[in-house]
Amino acid sequence: MTRERTPDMEIPFVDVAGSPFRPPRRNDFAAFEYTYKAEVTRVHTLTAMETLYEIQLLDPEERRRFSFSPGQFVMLEVPGIGEAPFSISSSPLRRGAVELCIRKAGSLTTYLTKVPRGIRVGIRGPFGTAFPMERMHGENVLLIAGGLGLAPLRSAICYVQENRSRFQAVDIVYGAKEPSQLLFSYMYEAWRQDDIDLSIIVEKAGPLWKGPRGLITKRLKEILADRDHAECARNMYAIVCGPPVMFQYVCDQLNVYGIPMQKMFVSLERRMHCGMGKCCRCNVGSTYTCLKGPVFDYWTVLNLPEAI
Amino acid sequence: MLFRVFDQGELPILFSALTARHEVIGPVEAGVDRHGKPFYAFEPATDFRALRLAYTTTKLPAKRYFLPCREDLATFRTSGSDWSKTVEYNVDRPRVFFGLHACDINALNKLDKVLTGGDYPMPWYAAKRRNMFIVGVDCEPQPSCFCRSMGADTALSGFDLFLTGIGDRYFAEILSNNAYNLLRGIRAVEPGEEEHVLYRRAVAEKTRKYTARVDTTDLTKILDMEFESPVWKSWGEKCLSCGSCAAVCPTCYCYGVEETVDIDLSVARKTKTLYSCNLVDFAQVAGGHNFRPESHSRLKYRYYHKHRGFVEAYEESLCTGCGRCGETCLAGINVPDVIASVRGEGGA
Amino acid sequence: MAAGGTKSWLGAPLLRPRVAFFELTSCGGCQLQVLNHEGTLLDFLSLVEVTDFREAMTERSHEYDIAFVEGCVSRSDEVARLRQIRRNARTLVALGSCACFGGVPRMKNRFPDPGLLAREIYGEYPMATETVRALDEIVPVDLKVHGCPFPKEELEKVVLHIALGKAIETPRHPICFECKANGNVCLFDLGELCLGPVTRGGCSAWCPGNRFGCWGCRGPADDANLDSLRAIAKEHGFSGEDLADRLECFGGFTPREAPEPSPRRKSRKRGTR
């Protein structure tokens, strides 16, 4: 037994930093914390609580490459203030820019209500699953939103408008607590002009409100009552966005009218700190909302304990 | 796999070869508990005599060296309304881990799956992980060890060199070129049939010593069935929601991110802090809604993540059976008892 | 006191609130803590305009946006003074354990005869002494900075967040998590009693980290499981009295005698500057 070499050892350092691509490719290490620098180009107050921010990427090359699908979300970051996930409300055709409908709720969103147009923010993403819009081509589509649920749904509505001829009948059912909380009211006329049947229902309203009152389920019943169940089962898709308690009632009702649960899509809201399936804050049961969601078909949701 | 055998007297030479140029982390005695028993910690070591290679499971895992409790992910410098972001992975040299048990090596292998795999590898972890040189050592099962139930009692990958004592010699498994070269610096030979027998005997003897055990048969299904089981509530009544179990767990990687501004306004930081799903606000969203407001729902989530969700995703559990969580939990909540109670064996 | 130039973050000017520091029944230690941390003291002071701070300066003023109040209320004149401060301030911050919970002085409430202590301690000298109360048992409090004393970093964060217009969040979980994160071994394992499992975190486990069991100066964590801690203390051989002594020490775990006033502020004085 002899020593074959002097007993000392140099273990080489492996440097993983640096990526040849900009913006980095998806599984580059540099992709994880890569931030698109962007500017708030428009601030539009929608209600007392919600504001619509138009945010545009600054770099022309990044603008060209940044695209998303309806239902996906981005992480919006203000240096030193915070970062949070927001679903995208705008049309996927607009490259390099997003509109985010943000409710004043936490630290970052409260800060945002005070910022002027022109402030520079960071955008990471887009992340998560999307509504399978292409699968719905040639079919009837029910778009259902409660309250702030219209924020993610609006991106899907934009898609439907831009591809109207690819869909059969399109219905939007939108419910809110009271008329003052209705979002995107300036869009309603345009939706109707695109041959989309829009019904709005509020729970409480003063005498000036001429529309229907009550819950979304009531309005849905009216819409679906005269439809053939077998027909619904065959050629109807639904997207449901809103508070979790709504999913149960609405989706259950849709299922009674024959729509299979695999053809209903919902968007879940959870706390997120990374958007990339690492921090676990968004886990439902043990499923990452940021990777497997936020868009799930309702059958999957039903199989996730503690989802709703 | 390549094997070598060498005299235990050669080990200090091997250790010095590593300490000559590298920081070496190893098990050292850190104090004595209220029963007069010594306890151990992974600390930087330069003197072979300070190492305690026959140590029992450390109170805290080696996690802080590759998943620090607090770590800056990025810093921002501002100029007027503009800013620039700098991302550092916070590692610039390799680090040697001398004397990890199989469970702690398997913890790294499990973390590798989620943190370095998939679409979004996590660079801060991956950069540190790729710069670890690991020397594993065999161990003596303790009453709290159930690694064998979790299939983590033996390490098949994820290390450079693994040493098993056979009498006054070590039986060495070599997994890397670096380790191979390291062994060329000491007097080591290829094992023969006699050493093979000694190795098998050592492993069999270790296996006989396990007392704690977790029945994982059909566990994912049983957890699904027992989601509403009253045993969760009774464990929840004991739980302090203090997150100690996650802090001492070698595989708990959940975290939160906070952005702060230095008080002199010179720089902003994006800081990652390891968090625990047992802490009250883990699943609370902006606006105040908490998806898991009760302690039992958080405790249950922890078990579902480790023993159901991770199994579904990676076909193995996110638990190595090291027993640290049960040892540290003042309320006496431990994996073997919790799983047994969910299976309807023994009460909570 | 220490006026700086106009400061800004991301191009937006910072709010520079006028602040005042006051003490009621207390040791003055929390105000002293305000002046500690010399390395960042000037930066800290440049974020605010201090208009009244008896322990640090001569000038006095009733003009302030934020009042930081140290100490508990133990005399009737303090009740009036606190009410006046509440009327003057847009934001009232309770500073330290005495202001938040009544602190160490609250222990005197355990004597049913309020005159007894006065006679025992002050003898012939007349001393008006009442039941000790925390600030929020008398007026609404907007924010609590916990601890005896609070960590200076926590106050720095409060002031910085106000200047930036950022929400202030108090840690809600028990100390244990940060204690373990610091690499400490549990004091129960070392044979010592500790209130870490039920006390609000945010102190970076100062005392347990120096091998001194927690006495709960930051009060209960949200969802603190006291029943479980009682069982644990007993199992580790500590008497119920040992535990009760600790829980009583800083008043945070003592049941309130007066109902808390509604958290909604009655008067909103002055708009933002």
# chains A, B, ... in the order shown; residues from 1 in each chain; ligands from 1
>>> select_by_dssp(residues="stretch 93-152 of chain B", states="helix (DSSP H, G or I)", output="number ranges by chain")
B: 102-115, 123-129
>>> write_last_selection(atoms="C-alpha atoms", output="PDB file, in the first residue's frame")
ATOM      1  CA  ALA B 102     -27.205   8.864   4.871  1.00  0.00           C
ATOM      2  CA  CYS B 103     -30.456  10.602   5.891  1.00  0.00           C
ATOM      3  CA  ASP B 104     -28.909  14.048   5.450  1.00  0.00           C
ATOM      4  CA  ILE B 105     -27.434  13.104   2.072  1.00  0.00           C
ATOM      5  CA  ASN B 106     -30.845  11.818   1.021  1.00  0.00           C
ATOM      6  CA  ALA B 107     -32.319  15.111   2.193  1.00  0.00           C
ATOM      7  CA  LEU B 108     -30.124  16.830  -0.388  1.00  0.00           C
ATOM      8  CA  ASN B 109     -31.193  14.342  -3.050  1.00  0.00           C
ATOM      9  CA  LYS B 110     -34.832  15.112  -2.298  1.00  0.00           C
ATOM     10  CA  LEU B 111     -34.227  18.846  -2.362  1.00  0.00           C
ATOM     11  CA  ASP B 112     -32.402  18.428  -5.682  1.00  0.00           C
ATOM     12  CA  LYS B 113     -35.579  17.072  -7.214  1.00  0.00           C
ATOM     13  CA  VAL B 114     -37.681  20.098  -6.450  1.00  0.00           C
ATOM     14  CA  LEU B 115     -35.061  22.846  -6.344  1.00  0.00           C
ATOM     15  CA  PRO B 123     -29.967  29.139  -8.667  1.00  0.00           C
ATOM     16  CA  TRP B 124     -29.082  30.023  -5.058  1.00  0.00           C
ATOM     17  CA  TYR B 125     -29.501  26.408  -3.997  1.00  0.00           C
ATOM     18  CA  ALA B 126     -28.122  24.880  -7.195  1.00  0.00           C
ATOM     19  CA  ALA B 127     -24.972  27.016  -7.080  1.00  0.00           C
ATOM     20  CA  LYS B 128     -24.209  25.911  -3.535  1.00  0.00           C
ATOM     21  CA  ARG B 129     -25.177  22.313  -4.148  1.00  0.00           C
TER      22      ARG B 129
END
>>> select_by_dssp(residues="stretch 16-97 of chain B", states="strand (DSSP E or B)", output="MDAnalysis selection string")
chainID B and resid 23:32 38:44 70:79 82:87 95:97
>>> residues_around(residues="B:Gly243", least_positions_apart="2", cutoff="6 Å", atoms="only C-alpha atoms", output="ChimeraX atom specification")
/B:241,245-246,276,278-279 /C:177
>>> atom_distance(atom1="atom CA of B:Gly236", atom2="atom CA of B:Ser297")
7.6 Å
>>> closest_residue(among="B:Lys270, B:Gly185, B:Tyr253, B:Gly136", to="B:Pro68", atoms="only C-alpha atoms")
B:Tyr253
>>> atom_distance(atom1="atom CA of A:Arg154", atom2="atom CA of A:Ser199")
14.6 Å
>>> closest_residue(among="C:Ile168, C:Ala231, C:Leu190, C:Ala244", to="chain B", atoms="only C-alpha atoms")
C:Leu190
>>> closest_atom_pairs(of="chain A", to="chain C", cutoff="12 Å", atoms="only C-alpha atoms", output="CSV")
residue,atom,partner,partner_atom,distance
A:Val78,CA,C:Leu10,CA,9.0
A:Pro79,CA,C:Leu10,CA,8.3
A:Gly80,CA,C:Trp9,CA,9.0
A:Ile81,CA,C:Lys166,CA,6.8
A:Gly82,CA,C:Lys166,CA,9.1
A:Lys104,CA,C:Ala167,CA,11.7
A:Ala105,CA,C:Ala167,CA,10.4
A:Gly106,CA,C:Ala167,CA,7.5
A:Ser107,CA,C:Ala167,CA,4.7
A:Leu108,CA,C:Lys166,CA,7.3
A:Thr109,CA,C:Lys166,CA,9.6
A:Thr110,CA,C:Lys166,CA,7.6
A:Tyr111,CA,C:Lys166,CA,6.1
A:Leu112,CA,C:Lys166,CA,9.8
A:Thr113,CA,C:Gly165,CA,10.5
A:Lys114,CA,C:Gly165,CA,8.5
A:Val115,CA,C:Ala12,CA,8.0
A:Pro116,CA,C:Ala12,CA,8.6
A:Arg117,CA,C:Ala12,CA,11.4
A:Gly118,CA,C:Gly11,CA,10.0
A:Ile119,CA,C:Leu10,CA,7.5
A:Arg120,CA,C:Leu10,CA,7.9
A:Val121,CA,C:Leu10,CA,9.6
>>> interface_residues(of="chain B", to="chain C", cutoff="8 Å", atoms="only C-alpha atoms", output="VMD selection string")
chain B and resid 32 to 34 59 to 60 69 78 to 83 237 to 244 247 to 248 263 to 265 279 to 281 295 328 330 to 331
>>> interface_residues(of="chain A", to="chain B", cutoff="8 Å", atoms="only C-alpha atoms", output="PyMOL selection string")
chain A and resi 1-17+26-33+79-83+105-107+119-120+270-271+273-274+276-282+285-287+305
>>> write_last_selection(atoms="N, CA and C atoms", output="compact mmCIF listing (two decimals), in the first residue's frame")
# COMPACT_ATOMS: atom_id res chain seq x y z
N MET A 1 0.84 -1.19 0.00
CA MET A 1 0.00 0.00 0.00
C MET A 1 0.88 1.25 0.00
N THR A 2 0.78 2.02 -1.05
CA THR A 2 1.53 3.28 -1.10
C THR A 2 0.60 4.40 -1.50
N ARG A 3 1.00 5.60 -1.16
CA ARG A 3 0.24 6.77 -1.62
C ARG A 3 0.64 7.05 -3.05
N GLU A 4 -0.34 7.28 -3.92
CA GLU A 4 -0.03 7.50 -5.31
C GLU A 4 0.26 8.96 -5.61
N ARG A 5 -0.14 9.85 -4.70
CA ARG A 5 0.09 11.28 -4.95
C ARG A 5 0.16 11.98 -3.60
N THR A 6 0.56 13.23 -3.63
CA THR A 6 0.62 13.97 -2.38
C THR A 6 -0.79 14.18 -1.87
N PRO A 7 -0.97 14.02 -0.57
CA PRO A 7 -2.32 14.13 -0.03
C PRO A 7 -2.79 15.58 0.11
N ASP A 8 -3.00 16.27 -0.99
CA ASP A 8 -3.74 17.53 -0.89
C ASP A 8 -4.71 17.58 -2.05
N MET A 9 -5.61 18.46 -1.97
CA MET A 9 -6.78 18.33 -2.82
C MET A 9 -7.30 19.70 -3.21
N GLU A 10 -7.43 19.93 -4.50
CA GLU A 10 -8.06 21.17 -4.96
C GLU A 10 -9.37 20.80 -5.65
N ILE A 11 -10.47 21.18 -5.03
CA ILE A 11 -11.76 20.91 -5.65
C ILE A 11 -12.12 22.15 -6.46
N PRO A 12 -12.33 22.00 -7.76
CA PRO A 12 -12.59 23.20 -8.57
C PRO A 12 -13.95 23.81 -8.25
N PHE A 13 -14.02 25.13 -8.35
CA PHE A 13 -15.29 25.86 -8.14
C PHE A 13 -16.10 25.80 -9.43
N VAL A 14 -17.38 25.46 -9.30
CA VAL A 14 -18.26 25.42 -10.46
C VAL A 14 -19.10 26.69 -10.46
N ASP A 15 -18.88 27.53 -11.44
CA ASP A 15 -19.62 28.80 -11.49
C ASP A 15 -20.86 28.60 -12.35
N VAL A 16 -22.02 28.77 -11.75
CA VAL A 16 -23.26 28.56 -12.51
C VAL A 16 -23.85 29.87 -13.00
N ALA A 17 -23.23 30.99 -12.60
CA ALA A 17 -23.81 32.29 -12.96
C ALA A 17 -23.62 32.55 -14.45
N ARG A 26 -36.08 29.63 -20.34
CA ARG A 26 -36.87 29.23 -19.19
C ARG A 26 -36.08 28.52 -18.09
N ASN A 27 -35.30 27.49 -18.44
CA ASN A 27 -34.63 26.79 -17.35
C ASN A 27 -33.18 27.23 -17.10
N ASP A 28 -32.80 28.37 -17.64
CA ASP A 28 -31.52 28.98 -17.23
C ASP A 28 -31.62 29.38 -15.76
N PHE A 29 -30.53 29.29 -15.06
CA PHE A 29 -30.55 29.76 -13.68
C PHE A 29 -30.92 31.24 -13.61
N ALA A 30 -30.46 31.99 -14.59
CA ALA A 30 -30.70 33.43 -14.56
C ALA A 30 -32.18 33.76 -14.73
N ALA A 31 -32.98 32.80 -15.20
CA ALA A 31 -34.40 33.08 -15.43
C ALA A 31 -35.13 33.29 -14.12
N PHE A 32 -34.61 32.69 -13.05
CA PHE A 32 -35.39 32.67 -11.82
C PHE A 32 -35.71 34.06 -11.29
N GLU A 33 -34.73 34.91 -11.27
CA GLU A 33 -34.97 36.23 -10.69
C GLU A 33 -34.91 37.29 -11.78
N PRO A 79 -39.22 47.90 -6.37
CA PRO A 79 -38.04 47.69 -5.53
C PRO A 79 -38.19 48.29 -4.14
N GLY A 80 -37.91 47.48 -3.14
CA GLY A 80 -37.95 47.95 -1.76
C GLY A 80 -39.34 47.96 -1.17
N ILE A 81 -40.36 47.89 -2.00
CA ILE A 81 -41.72 47.96 -1.49
C ILE A 81 -42.33 46.56 -1.44
N GLY A 82 -42.21 45.80 -2.52
CA GLY A 82 -42.74 44.45 -2.45
C GLY A 82 -43.02 43.88 -3.82
N GLU A 83 -43.43 42.63 -3.82
CA GLU A 83 -43.73 41.93 -5.05
C GLU A 83 -44.96 41.07 -4.80
N ALA A 105 -55.38 46.10 -1.30
CA ALA A 105 -55.60 45.12 -0.23
C ALA A 105 -54.39 45.00 0.68
N GLY A 106 -53.21 44.95 0.12
CA GLY A 106 -52.03 44.73 0.94
C GLY A 106 -51.06 45.89 0.84
N SER A 107 -49.83 45.63 1.27
CA SER A 107 -48.83 46.68 1.34
C SER A 107 -48.49 47.22 -0.05
N ILE A 119 -43.84 55.63 -13.17
CA ILE A 119 -42.97 54.94 -12.22
C ILE A 119 -42.46 53.64 -12.86
N ARG A 120 -41.22 53.30 -12.51
CA ARG A 120 -40.62 52.10 -13.08
C ARG A 120 -40.80 50.92 -12.14
N ARG A 270 -54.13 32.50 -4.61
CA ARG A 270 -53.38 32.13 -3.42
C ARG A 270 -52.25 33.12 -3.21
N ARG A 271 -51.67 33.05 -2.01
CA ARG A 271 -50.49 33.86 -1.78
C ARG A 271 -49.33 33.24 -2.53
N HIS A 273 -44.98 33.78 -3.44
CA HIS A 273 -43.77 34.56 -3.24
C HIS A 273 -42.75 34.34 -4.35
N CYS A 274 -42.94 33.28 -5.16
CA CYS A 274 -41.93 33.05 -6.21
C CYS A 274 -42.55 32.91 -7.59
N MET A 276 -42.81 30.20 -9.18
CA MET A 276 -42.08 29.19 -9.93
C MET A 276 -42.03 27.84 -9.23
N GLY A 277 -42.97 27.58 -8.38
CA GLY A 277 -43.05 26.26 -7.77
C GLY A 277 -41.96 25.98 -6.75
N LYS A 278 -41.56 26.97 -5.99
CA LYS A 278 -40.53 26.74 -5.00
C LYS A 278 -40.97 27.12 -3.58
N CYS A 279 -41.61 28.26 -3.41
CA CYS A 279 -41.80 28.78 -2.06
C CYS A 279 -42.91 28.07 -1.30
N CYS A 280 -43.80 27.37 -1.99
CA CYS A 280 -44.89 26.59 -1.37
C CYS A 280 -46.01 27.42 -0.78
N ARG A 281 -45.96 28.73 -0.88
CA ARG A 281 -46.98 29.53 -0.24
C ARG A 281 -48.34 29.35 -0.91
N CYS A 282 -48.34 29.00 -2.20
CA CYS A 282 -49.60 28.93 -2.94
C CYS A 282 -50.16 27.51 -2.95
N GLY A 285 -53.58 21.83 -0.88
CA GLY A 285 -53.21 20.45 -0.58
C GLY A 285 -51.71 20.40 -0.75
N SER A 286 -51.25 19.76 -1.79
CA SER A 286 -49.81 19.84 -2.05
C SER A 286 -49.56 20.16 -3.52
N THR A 287 -50.52 20.81 -4.16
CA THR A 287 -50.38 21.19 -5.56
C THR A 287 -50.00 22.66 -5.64
N PRO A 305 -58.10 18.58 -2.00
CA PRO A 305 -58.66 18.97 -0.71
C PRO A 305 -58.26 20.43 -0.41
>>> residues_around(residues="B:Arg343", least_positions_apart="5", cutoff="9 Å", atoms="only C-alpha atoms", output="list in words")
Asp215, Leu219, Ile222, Leu223, Glu226 and Val338 of chain B
>>> atom_distance(atom1="atom CA of B:Pro143", atom2="atom CA of B:Ala212")
6.1 Å
>>> closest_residue(among="A:Gly275, A:Pro294, A:Gly258, A:Pro92", to="A:Leu224", atoms="only C-alpha atoms")
A:Gly258
>>> residues_around(residues="stretch 168-185 of chain A", least_positions_apart="6", cutoff="8 Å", atoms="only C-alpha atoms", output="ChimeraX atom specification")
/A:46-48,50,138-148,150,195-205,209,215-216,219-220
>>> write_last_selection(atoms="N, CA and C atoms", output="mmCIF file, in the first residue's frame")
data_model
loop_
_atom_site.group_PDB
_atom_site.id
_atom_site.type_symbol
_atom_site.label_atom_id
_atom_site.label_comp_id
_atom_site.auth_asym_id
_atom_site.auth_seq_id
_atom_site.Cartn_x
_atom_site.Cartn_y
_atom_site.Cartn_z
ATOM 1 N N LEU A 46 -60.950 52.412 -11.579
ATOM 2 C CA LEU A 46 -62.169 51.705 -11.987
ATOM 3 C C LEU A 46 -63.276 51.872 -10.950
ATOM 4 N N THR A 47 -62.936 51.658 -9.694
ATOM 5 C CA THR A 47 -63.896 51.832 -8.592
ATOM 6 C C THR A 47 -63.121 52.412 -7.414
ATOM 7 N N ALA A 48 -63.799 52.532 -6.277
ATOM 8 C CA ALA A 48 -63.122 53.056 -5.090
ATOM 9 C C ALA A 48 -61.970 52.148 -4.673
ATOM 10 N N GLU A 50 -60.613 49.422 -6.865
ATOM 11 C CA GLU A 50 -59.820 48.814 -7.932
ATOM 12 C C GLU A 50 -59.308 49.846 -8.928
ATOM 13 N N GLY A 138 -65.099 26.855 -31.962
ATOM 14 C CA GLY A 138 -66.230 26.144 -32.558
ATOM 15 C C GLY A 138 -67.316 25.782 -31.561
ATOM 16 N N GLU A 139 -67.132 26.182 -30.295
ATOM 17 C CA GLU A 139 -68.106 25.778 -29.269
ATOM 18 C C GLU A 139 -68.796 26.995 -28.647
ATOM 19 N N ASN A 140 -69.829 26.701 -27.871
ATOM 20 C CA ASN A 140 -70.474 27.758 -27.081
ATOM 21 C C ASN A 140 -69.637 28.017 -25.840
ATOM 22 N N VAL A 141 -69.563 29.267 -25.446
ATOM 23 C CA VAL A 141 -68.729 29.591 -24.287
ATOM 24 C C VAL A 141 -69.515 30.426 -23.288
ATOM 25 N N LEU A 142 -69.439 29.990 -22.024
ATOM 26 C CA LEU A 142 -70.047 30.742 -20.925
ATOM 27 C C LEU A 142 -68.925 31.371 -20.112
ATOM 28 N N LEU A 143 -68.895 32.685 -20.029
ATOM 29 C CA LEU A 143 -67.853 33.358 -19.247
ATOM 30 C C LEU A 143 -68.514 33.957 -18.016
ATOM 31 N N ILE A 144 -68.116 33.458 -16.847
ATOM 32 C CA ILE A 144 -68.823 33.842 -15.624
ATOM 33 C C ILE A 144 -67.848 34.470 -14.641
ATOM 34 N N ALA A 145 -68.192 35.645 -14.129
ATOM 35 C CA ALA A 145 -67.301 36.307 -13.177
ATOM 36 C C ALA A 145 -68.089 36.871 -12.024
ATOM 37 N N GLY A 146 -67.518 36.772 -10.838
ATOM 38 C CA GLY A 146 -68.072 37.417 -9.660
ATOM 39 C C GLY A 146 -67.041 38.388 -9.118
ATOM 40 N N GLY A 147 -67.422 39.627 -8.881
ATOM 41 C CA GLY A 147 -66.536 40.625 -8.280
ATOM 42 C C GLY A 147 -65.249 40.808 -9.052
ATOM 43 N N LEU A 148 -64.125 40.708 -8.328
ATOM 44 C CA LEU A 148 -62.810 40.931 -8.926
ATOM 45 C C LEU A 148 -62.448 39.821 -9.921
ATOM 46 N N LEU A 150 -63.591 39.352 -12.598
ATOM 47 C CA LEU A 150 -63.589 39.865 -13.967
ATOM 48 C C LEU A 150 -62.164 40.219 -14.407
ATOM 49 N N ASP A 195 -71.397 40.814 -30.463
ATOM 50 C CA ASP A 195 -72.324 39.695 -30.390
ATOM 51 C C ASP A 195 -72.042 38.792 -29.189
ATOM 52 N N ILE A 196 -71.744 39.426 -28.087
ATOM 53 C CA ILE A 196 -71.591 38.680 -26.831
ATOM 54 C C ILE A 196 -72.785 39.044 -25.964
ATOM 55 N N ASP A 197 -73.479 38.037 -25.451
ATOM 56 C CA ASP A 197 -74.642 38.292 -24.609
ATOM 57 C C ASP A 197 -74.162 38.580 -23.191
ATOM 58 N N LEU A 198 -74.296 39.816 -22.781
ATOM 59 C CA LEU A 198 -73.771 40.203 -21.466
ATOM 60 C C LEU A 198 -74.920 40.383 -20.478
ATOM 61 N N SER A 199 -74.884 39.652 -19.352
ATOM 62 C CA SER A 199 -75.864 39.910 -18.292
ATOM 63 C C SER A 199 -75.109 40.328 -17.050
ATOM 64 N N ILE A 200 -75.634 41.369 -16.443
ATOM 65 C CA ILE A 200 -75.017 41.848 -15.213
ATOM 66 C C ILE A 200 -76.054 41.766 -14.116
ATOM 67 N N ILE A 201 -75.627 41.234 -12.985
ATOM 68 C CA ILE A 201 -76.581 41.090 -11.879
ATOM 69 C C ILE A 201 -75.891 41.574 -10.596
ATOM 70 N N VAL A 202 -76.617 42.339 -9.791
ATOM 71 C CA VAL A 202 -76.018 42.822 -8.541
ATOM 72 C C VAL A 202 -76.868 42.349 -7.367
ATOM 73 N N GLU A 203 -76.189 42.206 -6.214
ATOM 74 C CA GLU A 203 -76.915 41.707 -5.042
ATOM 75 C C GLU A 203 -77.781 42.792 -4.420
ATOM 76 N N LYS A 204 -77.175 43.995 -4.317
ATOM 77 C CA LYS A 204 -77.895 45.106 -3.663
ATOM 78 C C LYS A 204 -77.803 46.310 -4.581
ATOM 79 N N ALA A 205 -78.889 47.071 -4.710
ATOM 80 C CA ALA A 205 -78.808 48.262 -5.544
ATOM 81 C C ALA A 205 -79.884 49.257 -5.153
ATOM 82 N N TRP A 209 -80.920 51.477 -10.226
ATOM 83 C CA TRP A 209 -80.465 50.267 -10.922
ATOM 84 C C TRP A 209 -81.632 49.593 -11.635
ATOM 85 N N LEU A 215 -78.216 36.708 -7.116
ATOM 86 C CA LEU A 215 -76.926 36.037 -7.265
ATOM 87 C C LEU A 215 -76.747 35.541 -8.705
ATOM 88 N N ILE A 216 -75.491 35.295 -9.053
ATOM 89 C CA ILE A 216 -75.158 34.832 -10.394
ATOM 90 C C ILE A 216 -75.934 33.566 -10.754
ATOM 91 N N ARG A 219 -79.255 34.143 -12.360
ATOM 92 C CA ARG A 219 -79.187 34.557 -13.757
ATOM 93 C C ARG A 219 -78.794 33.357 -14.651
ATOM 94 N N LEU A 220 -77.903 32.538 -14.142
ATOM 95 C CA LEU A 220 -77.455 31.363 -14.908
ATOM 96 C C LEU A 220 -78.621 30.424 -15.195
#
>>> closest_residue(among="A:Gly214, A:Pro24, A:Pro85, A:Gly96", to="A:Met272", atoms="only C-alpha atoms")
A:Pro85
>>> decode(residues="stretch 278-288 of chain A", atoms="N, CA, C and O atoms", output="CSV table (one decimal), in the first residue's frame")
chain,number,residue,atom,x,y,z
A,278,LYS,N,-41.6,27.0,-6.0
A,278,LYS,CA,-40.5,26.7,-5.0
A,278,LYS,C,-41.0,27.1,-3.6
A,278,LYS,O,-40.7,26.4,-2.6
A,279,CYS,N,-41.6,28.3,-3.4
A,279,CYS,CA,-41.8,28.8,-2.1
A,279,CYS,C,-42.9,28.1,-1.3
A,279,CYS,O,-43.0,28.2,-0.1
A,280,CYS,N,-43.8,27.4,-2.0
A,280,CYS,CA,-44.9,26.6,-1.4
A,280,CYS,C,-46.0,27.4,-0.8
A,280,CYS,O,-46.9,26.9,-0.2
A,281,ARG,N,-46.0,28.7,-0.9
A,281,ARG,CA,-47.0,29.5,-0.2
A,281,ARG,C,-48.3,29.3,-0.9
A,281,ARG,O,-49.4,29.6,-0.3
A,282,CYS,N,-48.3,29.0,-2.2
A,282,CYS,CA,-49.6,28.9,-2.9
A,282,CYS,C,-50.2,27.5,-3.0
A,282,CYS,O,-51.2,27.3,-3.6
A,283,ASN,N,-49.5,26.6,-2.3
A,283,ASN,CA,-49.9,25.2,-2.4
A,283,ASN,C,-51.4,25.0,-1.9
A,283,ASN,O,-51.8,25.5,-0.8
A,284,VAL,N,-52.1,24.2,-2.7
A,284,VAL,CA,-53.4,23.8,-2.3
A,284,VAL,C,-53.3,22.3,-2.1
A,284,VAL,O,-52.9,21.6,-3.0
A,285,GLY,N,-53.6,21.8,-0.9
A,285,GLY,CA,-53.2,20.4,-0.6
A,285,GLY,C,-51.7,20.4,-0.8
A,285,GLY,O,-51.0,21.0,0.0
A,286,SER,N,-51.2,19.8,-1.8
A,286,SER,CA,-49.8,19.8,-2.0
A,286,SER,C,-49.6,20.2,-3.5
A,286,SER,O,-48.5,19.8,-4.0
A,287,THR,N,-50.5,20.8,-4.2
A,287,THR,CA,-50.4,21.2,-5.6
A,287,THR,C,-50.0,22.7,-5.6
A,287,THR,O,-50.6,23.5,-5.0
A,288,TYR,N,-49.0,22.9,-6.4
A,288,TYR,CA,-48.6,24.3,-6.6
A,288,TYR,C,-49.6,25.1,-7.5
A,288,TYR,O,-49.7,24.7,-8.7
